[in-house]
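Student: Sharing my_file-v8.cif (mmCIF, C-alpha atoms and all ligand atoms) below.
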data_query
loop_
_atom_site.group_PDB
_atom_site.id
_atom_site.type_symbol
_atom_site.label_atom_id
_atom_site.label_comp_id
_atom_site.auth_asym_id
_atom_site.auth_seq_id
_atom_site.Cartn_x
_atom_site.Cartn_y
_atom_site.Cartn_z
ATOM 1 C CA MET A 208 -7.490 -52.502 35.454
ATOM 2 C CA SER A 209 -3.852 -51.584 36.200
ATOM 3 C CA LEU A 210 -1.900 -53.332 38.940
ATOM 4 C CA ALA A 211 -1.917 -50.117 40.971
ATOM 5 C CA GLU A 212 -5.714 -49.833 40.670
ATOM 6 C CA GLU A 213 -6.090 -53.468 41.650
ATOM 7 C CA ILE A 214 -4.002 -52.863 44.787
ATOM 8 C CA LEU A 215 -6.013 -49.777 45.735
ATOM 9 C CA ARG A 216 -9.265 -51.708 45.305
ATOM 10 C CA LEU A 217 -7.992 -54.650 47.393
ATOM 11 C CA LYS A 218 -6.690 -52.272 50.051
ATOM 12 C CA GLU A 219 -10.164 -50.750 50.405
ATOM 13 C CA ALA A 220 -11.904 -54.122 50.384
ATOM 14 C CA ARG A 221 -9.649 -55.483 53.122
ATOM 15 C CA ASN A 222 -9.482 -52.267 55.137
ATOM 16 C CA ALA A 223 -5.694 -52.380 54.803
ATOM 17 C CA VAL A 224 -2.879 -49.882 55.155
ATOM 18 C CA LEU A 225 0.293 -50.208 53.076
ATOM 19 C CA LEU A 226 3.527 -49.160 54.794
ATOM 20 C CA ALA A 227 6.731 -48.901 52.739
ATOM 21 C CA HIS A 228 10.319 -48.362 53.825
ATOM 22 C CA ASN A 229 12.469 -45.686 52.144
ATOM 23 C CA TYR A 230 14.525 -48.428 50.404
ATOM 24 C CA GLN A 231 11.561 -50.059 48.666
ATOM 25 C CA ARG A 232 11.245 -50.059 44.890
ATOM 26 C CA PRO A 233 9.944 -46.713 43.535
ATOM 27 C CA GLU A 234 6.656 -48.172 42.286
ATOM 28 C CA VAL A 235 5.953 -49.705 45.707
ATOM 29 C CA GLN A 236 6.772 -46.437 47.504
ATOM 30 C CA ASP A 237 4.472 -44.564 45.131
ATOM 31 C CA ILE A 238 1.432 -46.643 46.009
ATOM 32 C CA ALA A 239 2.018 -46.792 49.782
ATOM 33 C CA ASP A 240 -0.066 -44.918 52.360
ATOM 34 C CA PHE A 241 3.045 -44.102 54.365
ATOM 35 C CA VAL A 242 6.732 -44.181 53.413
ATOM 36 C CA GLY A 243 9.436 -43.699 56.017
ATOM 37 C CA ASP A 244 12.180 -45.011 58.270
ATOM 38 C CA SER A 245 11.923 -47.804 60.836
ATOM 39 C CA LEU A 246 10.798 -45.603 63.711
ATOM 40 C CA TYR A 247 8.158 -43.728 61.714
ATOM 41 C CA LEU A 248 6.750 -46.956 60.289
ATOM 42 C CA SER A 249 6.724 -48.633 63.735
ATOM 43 C CA ARG A 250 4.663 -45.727 65.044
ATOM 44 C CA LYS A 251 2.323 -45.856 62.038
ATOM 45 C CA ALA A 252 1.845 -49.604 62.561
ATOM 46 C CA MET A 253 1.199 -49.171 66.273
ATOM 47 C CA GLU A 254 -1.406 -46.449 65.694
ATOM 48 C CA SER A 255 -3.167 -48.101 62.768
ATOM 49 C CA ASP A 256 -6.872 -48.811 63.150
ATOM 50 C CA ARG A 257 -6.993 -50.773 59.872
ATOM 51 C CA SER A 258 -7.688 -54.523 59.981
ATOM 52 C CA VAL A 259 -4.645 -55.378 57.866
ATOM 53 C CA ILE A 260 -1.134 -53.923 57.766
ATOM 54 C CA VAL A 261 0.807 -54.785 54.602
ATOM 55 C CA PHE A 262 4.474 -54.182 55.318
ATOM 56 C CA ALA A 263 6.578 -53.451 52.264
ATOM 57 C CA GLY A 264 9.878 -53.669 54.108
ATOM 58 C CA VAL A 265 11.750 -56.544 55.694
ATOM 59 C CA ARG A 266 10.760 -59.227 58.154
ATOM 60 C CA PHE A 267 11.944 -57.573 61.384
ATOM 61 C CA MET A 268 9.800 -54.546 60.503
ATOM 62 C CA ALA A 269 6.698 -56.678 59.967
ATOM 63 C CA GLU A 270 7.389 -58.555 63.227
ATOM 64 C CA THR A 271 7.697 -55.229 65.026
ATOM 65 C CA ALA A 272 4.330 -54.130 63.596
ATOM 66 C CA LYS A 273 2.708 -57.365 64.807
ATOM 67 C CA ILE A 274 4.210 -57.018 68.287
ATOM 68 C CA LEU A 275 3.127 -53.383 68.627
ATOM 69 C CA ASN A 276 -0.371 -53.939 67.201
ATOM 70 C CA PRO A 277 -1.147 -57.629 67.805
ATOM 71 C CA SER A 278 -4.839 -57.612 66.946
ATOM 72 C CA ARG A 279 -4.121 -56.657 63.310
ATOM 73 C CA THR A 280 -3.279 -59.030 60.516
ATOM 74 C CA VAL A 281 0.281 -58.203 59.427
ATOM 75 C CA LEU A 282 1.341 -59.307 55.953
ATOM 76 C CA LEU A 283 4.876 -59.427 54.554
ATOM 77 C CA PRO A 284 4.473 -59.799 50.770
ATOM 78 C CA ASP A 285 7.622 -61.917 50.323
ATOM 79 C CA LEU A 286 9.186 -64.104 53.001
ATOM 80 C CA LYS A 287 12.612 -63.768 51.390
ATOM 81 C CA ALA A 288 12.665 -60.148 52.601
ATOM 82 C CA GLY A 289 15.026 -60.776 55.521
ATOM 83 C CA CYS A 290 17.983 -58.723 56.776
ATOM 84 C CA GLY A 291 21.657 -59.672 56.767
ATOM 85 C CA LEU A 292 22.263 -57.494 59.817
ATOM 86 C CA ALA A 293 19.426 -59.051 61.816
ATOM 87 C CA ASP A 294 20.908 -62.468 61.002
ATOM 88 C CA SER A 295 24.183 -61.537 62.719
ATOM 89 C CA ILE A 296 22.914 -62.408 66.206
ATOM 90 C CA THR A 297 20.696 -65.140 67.658
ATOM 91 C CA ALA A 298 18.799 -65.123 70.937
ATOM 92 C CA GLU A 299 20.944 -68.049 72.104
ATOM 93 C CA GLN A 300 24.149 -66.051 71.551
ATOM 94 C CA LEU A 301 22.680 -63.096 73.393
ATOM 95 C CA ARG A 302 21.602 -65.269 76.360
ATOM 96 C CA THR A 303 25.159 -66.605 76.586
ATOM 97 C CA TRP A 304 26.559 -63.044 76.594
ATOM 98 C CA LYS A 305 24.086 -61.933 79.274
ATOM 99 C CA GLN A 306 25.076 -64.823 81.538
ATOM 100 C CA ALA A 307 28.668 -63.564 81.446
ATOM 101 C CA HIS A 308 27.585 -59.934 82.096
ATOM 102 C CA PRO A 309 24.782 -59.993 84.666
ATOM 103 C CA GLY A 310 23.200 -56.580 85.170
ATOM 104 C CA ALA A 311 24.268 -55.170 81.780
ATOM 105 C CA VAL A 312 21.712 -53.133 79.854
ATOM 106 C CA VAL A 313 21.069 -54.576 76.392
ATOM 107 C CA VAL A 314 20.227 -51.993 73.729
ATOM 108 C CA ALA A 315 19.021 -53.770 70.588
ATOM 109 C CA TYR A 316 18.769 -52.079 67.235
ATOM 110 C CA ILE A 317 15.374 -52.677 65.635
ATOM 111 C CA ASN A 318 17.194 -54.717 62.948
ATOM 112 C CA THR A 319 16.956 -57.895 65.046
ATOM 113 C CA SER A 320 14.597 -60.866 65.256
ATOM 114 C CA ALA A 321 11.694 -60.870 67.705
ATOM 115 C CA ASP A 322 13.564 -63.552 69.719
ATOM 116 C CA VAL A 323 16.526 -61.208 70.182
ATOM 117 C CA LYS A 324 14.264 -58.260 71.065
ATOM 118 C CA ALA A 325 12.676 -60.443 73.741
ATOM 119 C CA GLU A 326 16.117 -60.673 75.415
ATOM 120 C CA ALA A 327 16.767 -56.904 75.196
ATOM 121 C CA ASP A 328 16.008 -54.143 77.693
ATOM 122 C CA ILE A 329 15.317 -51.467 75.121
ATOM 123 C CA CYS A 330 15.231 -51.231 71.341
ATOM 124 C CA CYS A 331 16.266 -48.289 69.191
ATOM 125 C CA THR A 332 16.394 -47.270 65.559
ATOM 126 C CA SER A 333 18.995 -45.206 63.753
ATOM 127 C CA SER A 334 16.934 -42.083 64.442
ATOM 128 C CA ASN A 335 16.811 -42.416 68.236
ATOM 129 C CA ALA A 336 19.826 -44.613 69.133
ATOM 130 C CA VAL A 337 21.784 -41.703 70.655
ATOM 131 C CA LYS A 338 18.788 -40.627 72.768
ATOM 132 C CA VAL A 339 18.112 -44.189 73.933
ATOM 133 C CA VAL A 340 21.703 -44.712 75.089
ATOM 134 C CA GLN A 341 21.736 -41.305 76.811
ATOM 135 C CA GLN A 342 18.741 -42.486 78.857
ATOM 136 C CA VAL A 343 20.642 -45.471 80.310
ATOM 137 C CA PRO A 344 21.560 -44.579 83.914
ATOM 138 C CA PRO A 345 25.246 -43.588 84.232
ATOM 139 C CA GLY A 346 27.643 -46.292 85.318
ATOM 140 C CA ARG A 347 25.607 -49.196 83.906
ATOM 141 C CA GLU A 348 27.386 -51.672 81.664
ATOM 142 C CA ILE A 349 25.847 -51.525 78.157
ATOM 143 C CA LEU A 350 25.793 -53.915 75.224
ATOM 144 C CA PHE A 351 24.822 -52.326 71.911
ATOM 145 C CA LEU A 352 23.823 -54.816 69.217
ATOM 146 C CA PRO A 353 24.130 -55.946 66.477
ATOM 147 C CA ASP A 354 25.571 -53.165 64.246
ATOM 148 C CA MET A 355 29.133 -52.249 65.220
ATOM 149 C CA PHE A 356 29.273 -49.161 62.983
ATOM 150 C CA LEU A 357 26.082 -47.663 64.379
ATOM 151 C CA GLY A 358 27.272 -48.692 67.859
ATOM 152 C CA ASP A 359 30.635 -46.996 67.369
ATOM 153 C CA TYR A 360 28.902 -43.841 66.132
ATOM 154 C CA VAL A 361 26.609 -43.826 69.188
ATOM 155 C CA ARG A 362 29.572 -44.460 71.476
ATOM 156 C CA ARG A 363 31.365 -41.404 70.068
ATOM 157 C CA ARG A 364 28.272 -39.202 70.157
ATOM 158 C CA THR A 365 27.329 -40.096 73.747
ATOM 159 C CA GLY A 366 30.791 -40.676 75.203
ATOM 160 C CA ARG A 367 29.383 -43.810 76.880
ATOM 161 C CA ALA A 368 31.507 -46.934 77.175
ATOM 162 C CA MET A 369 29.646 -49.750 75.440
ATOM 163 C CA HIS A 370 30.312 -53.308 74.378
ATOM 164 C CA LEU A 371 29.590 -53.582 70.654
ATOM 165 C CA TRP A 372 28.309 -56.713 68.985
ATOM 166 C CA VAL A 373 30.456 -57.448 65.931
ATOM 167 C CA GLY A 374 27.699 -57.436 63.333
ATOM 168 C CA ASP A 375 27.169 -55.290 60.270
ATOM 169 C CA CYS A 376 24.866 -54.638 57.359
ATOM 170 C CA PRO A 377 26.244 -56.246 54.189
ATOM 171 C CA VAL A 378 25.079 -53.264 52.132
ATOM 172 C CA HIS A 379 26.324 -50.399 54.323
ATOM 173 C CA ALA A 380 29.526 -52.014 55.607
ATOM 174 C CA LYS A 381 30.864 -51.973 52.033
ATOM 175 C CA LEU A 382 30.783 -48.164 51.996
ATOM 176 C CA ARG A 383 34.332 -47.489 53.172
ATOM 177 C CA PRO A 384 36.170 -44.267 54.091
ATOM 178 C CA GLU A 385 38.127 -44.461 50.811
ATOM 179 C CA ASP A 386 34.850 -44.388 48.797
ATOM 180 C CA LEU A 387 33.819 -41.320 50.719
ATOM 181 C CA ALA A 388 37.196 -39.614 50.255
ATOM 182 C CA ARG A 389 37.070 -40.306 46.491
ATOM 183 C CA ALA A 390 33.529 -38.923 46.165
ATOM 184 C CA ARG A 391 34.539 -35.871 48.187
ATOM 185 C CA ALA A 392 37.505 -35.220 45.912
ATOM 186 C CA ASP A 393 35.369 -35.592 42.764
ATOM 187 C CA HIS A 394 32.517 -33.396 44.094
ATOM 188 C CA PRO A 395 34.270 -30.945 46.451
ATOM 189 C CA ASN A 396 31.298 -28.605 46.900
ATOM 190 C CA ALA A 397 28.619 -31.190 47.575
ATOM 191 C CA PRO A 398 27.570 -31.832 51.180
ATOM 192 C CA VAL A 399 27.681 -35.493 52.262
ATOM 193 C CA ILE A 400 24.956 -37.257 54.233
ATOM 194 C CA ALA A 401 25.435 -40.798 55.503
ATOM 195 C CA HIS A 402 23.503 -43.505 57.308
ATOM 196 C CA PRO A 403 25.177 -44.564 60.584
ATOM 197 C CA GLU A 404 25.335 -48.226 59.458
ATOM 198 C CA CYS A 405 27.919 -47.232 56.817
ATOM 199 C CA GLY A 406 31.399 -48.620 57.187
ATOM 200 C CA CYS A 407 32.595 -45.101 56.407
ATOM 201 C CA ALA A 408 30.392 -43.216 58.842
ATOM 202 C CA THR A 409 32.386 -43.253 62.033
ATOM 203 C CA GLN A 410 35.979 -43.380 60.839
ATOM 204 C CA ALA A 411 35.250 -40.527 58.474
ATOM 205 C CA MET A 412 32.960 -38.475 60.679
ATOM 206 C CA GLY A 413 35.028 -35.403 59.785
ATOM 207 C CA HIS A 414 34.222 -35.882 56.084
ATOM 208 C CA VAL A 415 30.484 -36.263 56.556
ATOM 209 C CA ASP A 416 28.209 -33.257 57.014
ATOM 210 C CA GLN A 417 25.443 -35.213 58.713
ATOM 211 C CA ILE A 418 24.905 -38.786 59.885
ATOM 212 C CA LEU A 419 21.196 -39.462 59.755
ATOM 213 C CA SER A 420 18.487 -42.119 59.703
ATOM 214 C CA THR A 421 16.812 -42.596 56.343
ATOM 215 C CA ASP A 422 14.008 -40.163 57.275
ATOM 216 C CA GLY A 423 16.609 -37.687 58.534
ATOM 217 C CA MET A 424 18.304 -37.934 55.140
ATOM 218 C CA VAL A 425 14.981 -37.406 53.366
ATOM 219 C CA ARG A 426 14.303 -34.280 55.457
ATOM 220 C CA PHE A 427 17.793 -32.970 54.669
ATOM 221 C CA ALA A 428 17.113 -33.571 50.962
ATOM 222 C CA GLU A 429 13.814 -31.729 51.147
ATOM 223 C CA GLU A 430 15.322 -28.671 52.808
ATOM 224 C CA THR A 431 18.686 -28.297 51.039
ATOM 225 C CA HIS A 432 19.405 -25.633 48.443
ATOM 226 C CA ALA A 433 22.716 -27.232 47.434
ATOM 227 C CA PRO A 434 22.946 -28.050 43.704
ATOM 228 C CA GLU A 435 24.295 -31.518 44.551
ATOM 229 C CA VAL A 436 24.303 -33.785 47.618
ATOM 230 C CA LEU A 437 26.366 -36.968 48.069
ATOM 231 C CA VAL A 438 24.365 -39.771 49.641
ATOM 232 C CA ALA A 439 25.903 -42.707 51.513
ATOM 233 C CA THR A 440 23.192 -45.314 51.955
ATOM 234 C CA GLU A 441 21.024 -47.784 50.033
ATOM 235 C CA VAL A 442 20.054 -46.227 46.710
ATOM 236 C CA GLY A 443 16.288 -46.816 47.037
ATOM 237 C CA ILE A 444 16.127 -43.596 49.035
ATOM 238 C CA LEU A 445 17.121 -41.503 45.988
ATOM 239 C CA HIS A 446 13.634 -41.900 44.520
ATOM 240 C CA ARG A 447 11.980 -40.132 47.438
ATOM 241 C CA MET A 448 14.690 -37.480 47.634
ATOM 242 C CA SER A 449 14.380 -36.595 43.951
ATOM 243 C CA LYS A 450 10.586 -36.503 44.181
ATOM 244 C CA LEU A 451 10.724 -34.072 47.086
ATOM 245 C CA ASN A 452 13.455 -31.880 45.630
ATOM 246 C CA ALA A 453 13.714 -31.784 41.858
ATOM 247 C CA THR A 454 16.353 -29.021 41.740
ATOM 248 C CA THR A 455 19.132 -30.796 43.690
ATOM 249 C CA ARG A 456 21.093 -33.697 42.190
ATOM 250 C CA PHE A 457 21.408 -36.604 44.636
ATOM 251 C CA THR A 458 24.526 -38.611 43.855
ATOM 252 C CA PRO A 459 25.082 -41.975 45.542
ATOM 253 C CA ILE A 460 28.550 -42.645 46.973
ATOM 254 C CA ASP A 461 28.068 -46.146 45.564
ATOM 255 C CA ALA A 462 25.371 -46.778 42.956
ATOM 256 C CA GLY A 463 25.735 -50.490 43.732
ATOM 257 C CA ALA A 464 24.554 -50.102 47.339
ATOM 258 C CA ILE A 465 21.367 -52.103 46.797
ATOM 259 C CA CYS A 466 19.742 -54.141 49.559
ATOM 260 C CA PRO A 467 18.578 -57.401 47.945
ATOM 261 C CA TYR A 468 16.128 -58.029 50.790
ATOM 262 C CA MET A 469 14.394 -54.692 50.375
ATOM 263 C CA LYS A 470 14.082 -55.289 46.633
ATOM 264 C CA GLU A 471 12.308 -58.642 47.040
ATOM 265 C CA ILE A 472 8.899 -56.982 47.160
ATOM 266 C CA SER A 473 7.295 -56.146 43.818
ATOM 267 C CA LEU A 474 3.894 -54.629 43.059
ATOM 268 C CA GLU A 475 2.693 -58.117 42.093
ATOM 269 C CA ASP A 476 3.743 -59.390 45.539
ATOM 270 C CA VAL A 477 1.798 -56.564 47.215
ATOM 271 C CA ARG A 478 -1.269 -57.394 45.109
ATOM 272 C CA ASP A 479 -0.958 -61.121 45.885
ATOM 273 C CA SER A 480 -0.453 -60.515 49.594
ATOM 274 C CA LEU A 481 -3.784 -58.693 49.748
ATOM 275 C CA ALA A 482 -5.604 -61.062 47.396
ATOM 276 C CA LEU A 483 -4.283 -64.288 48.925
ATOM 277 C CA ASP A 484 -3.783 -63.126 52.524
ATOM 278 C CA ARG A 485 -0.080 -63.905 52.552
ATOM 279 C CA TYR A 486 2.322 -64.048 54.238
ATOM 280 C CA ARG A 487 0.888 -63.636 57.718
ATOM 281 C CA ILE A 488 3.506 -62.715 60.318
ATOM 282 C CA GLU A 489 2.967 -64.259 63.735
ATOM 283 C CA VAL A 490 5.111 -63.935 66.859
ATOM 284 C CA PRO A 491 4.665 -66.445 69.713
ATOM 285 C CA SER A 492 2.818 -64.690 72.562
ATOM 286 C CA GLU A 493 5.542 -65.173 75.192
ATOM 287 C CA THR A 494 8.222 -63.747 72.873
ATOM 288 C CA ALA A 495 5.936 -60.905 71.799
ATOM 289 C CA ALA A 496 5.113 -59.926 75.394
ATOM 290 C CA LYS A 497 8.808 -59.621 76.283
ATOM 291 C CA ALA A 498 9.793 -57.890 73.024
ATOM 292 C CA ARG A 499 6.877 -55.436 73.380
ATOM 293 C CA ILE A 500 8.403 -53.977 76.555
ATOM 294 C CA ALA A 501 11.677 -53.186 74.753
ATOM 295 C CA LEU A 502 9.841 -51.854 71.686
ATOM 296 C CA GLU A 503 7.436 -49.664 73.616
ATOM 297 C CA ARG A 504 10.439 -48.067 75.335
ATOM 298 C CA MET A 505 11.910 -47.408 71.880
ATOM 299 C CA VAL A 506 8.731 -45.789 70.573
ATOM 300 C CA ALA A 507 8.460 -43.626 73.698
ATOM 301 C CA ALA A 508 12.116 -42.486 73.624
HETATM 302 P P1 LIG A 601 16.249 -46.562 59.075
HETATM 303 O O1 LIG A 601 15.577 -46.796 60.380
HETATM 304 O O2 LIG A 601 17.178 -45.393 59.103
HETATM 305 O O3 LIG A 601 15.230 -46.449 57.980
HETATM 306 O O4 LIG A 601 17.201 -47.794 58.731
HETATM 307 C C1 LIG A 601 16.704 -49.089 58.519
HETATM 308 C C2 LIG A 601 17.633 -49.956 57.811
HETATM 309 O O5 LIG A 601 17.409 -51.130 57.624
HETATM 310 C C3 LIG A 601 18.865 -49.373 57.326
HETATM 311 O O6 LIG A 601 19.596 -50.329 56.655
HETATM 312 FE FE1 LIG A 602 19.201 -55.116 56.643
HETATM 313 FE FE2 LIG A 602 21.186 -53.743 55.553
HETATM 314 FE FE3 LIG A 602 19.081 -54.328 54.094
HETATM 315 FE FE4 LIG A 602 18.882 -52.492 56.062
HETATM 316 S S1 LIG A 602 20.093 -52.362 54.168
HETATM 317 S S2 LIG A 602 17.441 -54.156 55.642
HETATM 318 S S3 LIG A 602 20.292 -53.402 57.559
HETATM 319 S S4 LIG A 602 20.534 -55.843 54.982
#
How would this structure read if it were set down as structure tokens?
Ligand code: 13P
Ligand code: SF4
Tutor:
Amino acid sequence: MSLAEEILRLKEARNAVLLAHNYQRPEVQDIADFVGDSLYLSRKAMESDRSVIVFAGVRFMAETAKILNPSRTVLLPDLKAGCGLADSITAEQLRTWKQAHPGAVVVAYINTSADVKAEADICCTSSNAVKVVQQVPPGREILFLPDMFLGDYVRRRTGRAMHLWVGDCPVHAKLRPEDLARARADHPNAPVIAHPECGCATQAMGHVDQILSTDGMVRFAEETHAPEVLVATEVGILHRMSKLNATTRFTPIDAGAICPYMKEISLEDVRDSLALDRYRIEVPSETAAKARIALERMVAA
């Protein structure tokens, strides 16, 4: 029996659903029930009636699934699948900030720990961050955390004054305006799409055709008739783009933009998570109850 067949059999036996993020390894994406961005996968996790949710993504995504659908068993196949961006803020640091800014609205990107979400008023993902900030009543002080590039992009798009937490994604922050300018010069006719976490996204907004979440980029890829598209994000997404549109060439701005956390999960890990019931993600009930309020607002936005 192949590994893929073994996983399908175990998935049936355990009444499990396999969710995979757009940056997962191709072979993991290919066997998943649903592949998508953080918001899409949060919704899929929340709606799932399966007993087990196997999350092929990173820890904050699995925690989010557990918070939104607490009666399910949520498995993260490898505990090393963390997130450098989520690590850039602790709940203790956020509590200290809030004490100095009473009354401020805290908008937390989904790429945060459950402890940080529990201190936030509302969460967002890259696909609804602009909408979430637009919903904050005018005149309220806002802290956007923890990604400063996404925050700066949202600040420009909404025109809202916001404090930005000085955090970034180690993979996307490396994509600088000069990389974008070079790619543009080498491929002058190719449209450019970029993830808002990119270090190049906001400073070079004029050079980018669209700034999109990973699912937004996938939709763009599916619909384009351009012979070539330049892609500024983690390269795992190219697999899905090429599968959906075989006639366009998708060229990464940086072929080395690889998220080591997203690549932790192999097919063997997925098989073992189902076979050995590991690694169960739990969130303390008090933290989960507080974080759920912020997450439910995100899903509804
Ligand atoms: P998306 O919500 O756009 O999939 O982004 C998640 C992420 O971790 C990007 O680095
Ligand atoms: Fe975190 Fe960046 Fe990896 Fe996304 S790409 S999971 S933000 S480290």
Student: Mind telling me what the PyMOL selection byres (((not hetatm)) within 10 of (chain A and resi 601)) catches here, as a VMD selection string?
Tutor: chain A and resid 228 to 230 242 to 249 264 to 265 267 to 268 290 to 293 316 to 318 331 to 336 375 to 379 402 to 405 419 to 424 440 to 441 444 466 468 to 469
Student: Under the rule that only C-alpha atoms and all ligand atoms are counted, which of A:Val337, A:Met369, A:Ile296, A:Ala288 is the nearest residue to ligand LIG 602 (chain A)?
Tutor: A:Ala288
Student: Would you mind listing what lies within 10 Å of range 271-274 of chain A as an MDAnalysis selection string, with all atoms listed in the file counted and same-chain residues fewer than 5 positions away left out?
Tutor: chainID A and resid 245 248:255 260:262 266 279:282 317:321 324 487:492 494:500 502:503
Student: Kindly export the residues of the current selection with C-alpha atoms, as an mmCIF file, in the frame of the given file.
Tutor:
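This went into selection01.cif:
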data_model
loop_
_atom_site.group_PDB
_atom_site.id
_atom_site.type_symbol
_atom_site.label_atom_id
_atom_site.label_comp_id
_atom_site.auth_asym_id
_atom_site.auth_seq_id
_atom_site.Cartn_x
_atom_site.Cartn_y
_atom_site.Cartn_z
ATOM 1 C CA SER A 245 11.923 -47.804 60.836
ATOM 2 C CA LEU A 248 6.750 -46.956 60.289
ATOM 3 C CA SER A 249 6.724 -48.633 63.735
ATOM 4 C CA ARG A 250 4.663 -45.727 65.044
ATOM 5 C CA LYS A 251 2.323 -45.856 62.038
ATOM 6 C CA ALA A 252 1.845 -49.604 62.561
ATOM 7 C CA MET A 253 1.199 -49.171 66.273
ATOM 8 C CA GLU A 254 -1.406 -46.449 65.694
ATOM 9 C CA SER A 255 -3.167 -48.101 62.768
ATOM 10 C CA ILE A 260 -1.134 -53.923 57.766
ATOM 11 C CA VAL A 261 0.807 -54.785 54.602
ATOM 12 C CA PHE A 262 4.474 -54.182 55.318
ATOM 13 C CA ARG A 266 10.760 -59.227 58.154
ATOM 14 C CA ARG A 279 -4.121 -56.657 63.310
ATOM 15 C CA THR A 280 -3.279 -59.030 60.516
ATOM 16 C CA VAL A 281 0.281 -58.203 59.427
ATOM 17 C CA LEU A 282 1.341 -59.307 55.953
ATOM 18 C CA ILE A 317 15.374 -52.677 65.635
ATOM 19 C CA ASN A 318 17.194 -54.717 62.948
ATOM 20 C CA THR A 319 16.956 -57.895 65.046
ATOM 21 C CA SER A 320 14.597 -60.866 65.256
ATOM 22 C CA ALA A 321 11.694 -60.870 67.705
ATOM 23 C CA LYS A 324 14.264 -58.260 71.065
ATOM 24 C CA ARG A 487 0.888 -63.636 57.718
ATOM 25 C CA ILE A 488 3.506 -62.715 60.318
ATOM 26 C CA GLU A 489 2.967 -64.259 63.735
ATOM 27 C CA VAL A 490 5.111 -63.935 66.859
ATOM 28 C CA PRO A 491 4.665 -66.445 69.713
ATOM 29 C CA SER A 492 2.818 -64.690 72.562
ATOM 30 C CA THR A 494 8.222 -63.747 72.873
ATOM 31 C CA ALA A 495 5.936 -60.905 71.799
ATOM 32 C CA ALA A 496 5.113 -59.926 75.394
ATOM 33 C CA LYS A 497 8.808 -59.621 76.283
ATOM 34 C CA ALA A 498 9.793 -57.890 73.024
ATOM 35 C CA ARG A 499 6.877 -55.436 73.380
ATOM 36 C CA ILE A 500 8.403 -53.977 76.555
ATOM 37 C CA LEU A 502 9.841 -51.854 71.686
ATOM 38 C CA GLU A 503 7.436 -49.664 73.616
#
Student: With distances taken over only C-alpha atoms and all ligand atoms, which of A:Gly366, A:Gly310, A:Pro434, A:Gly289 is nearest to ligand LIG 602 (chain A)?
Tutor: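 Ranked by minimum distance to ligand LIG 602 (chain A), first place goes to A:Gly289.
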Student: So, with only C-alpha atoms as the atoms that count, which of A:Val438, A:Leu301, A:Val323, A:Ala507 lies closest to Lys338 in chain A?
Tutor: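 With only C-alpha atoms as the atom set, the closest residue is A:Ala507.
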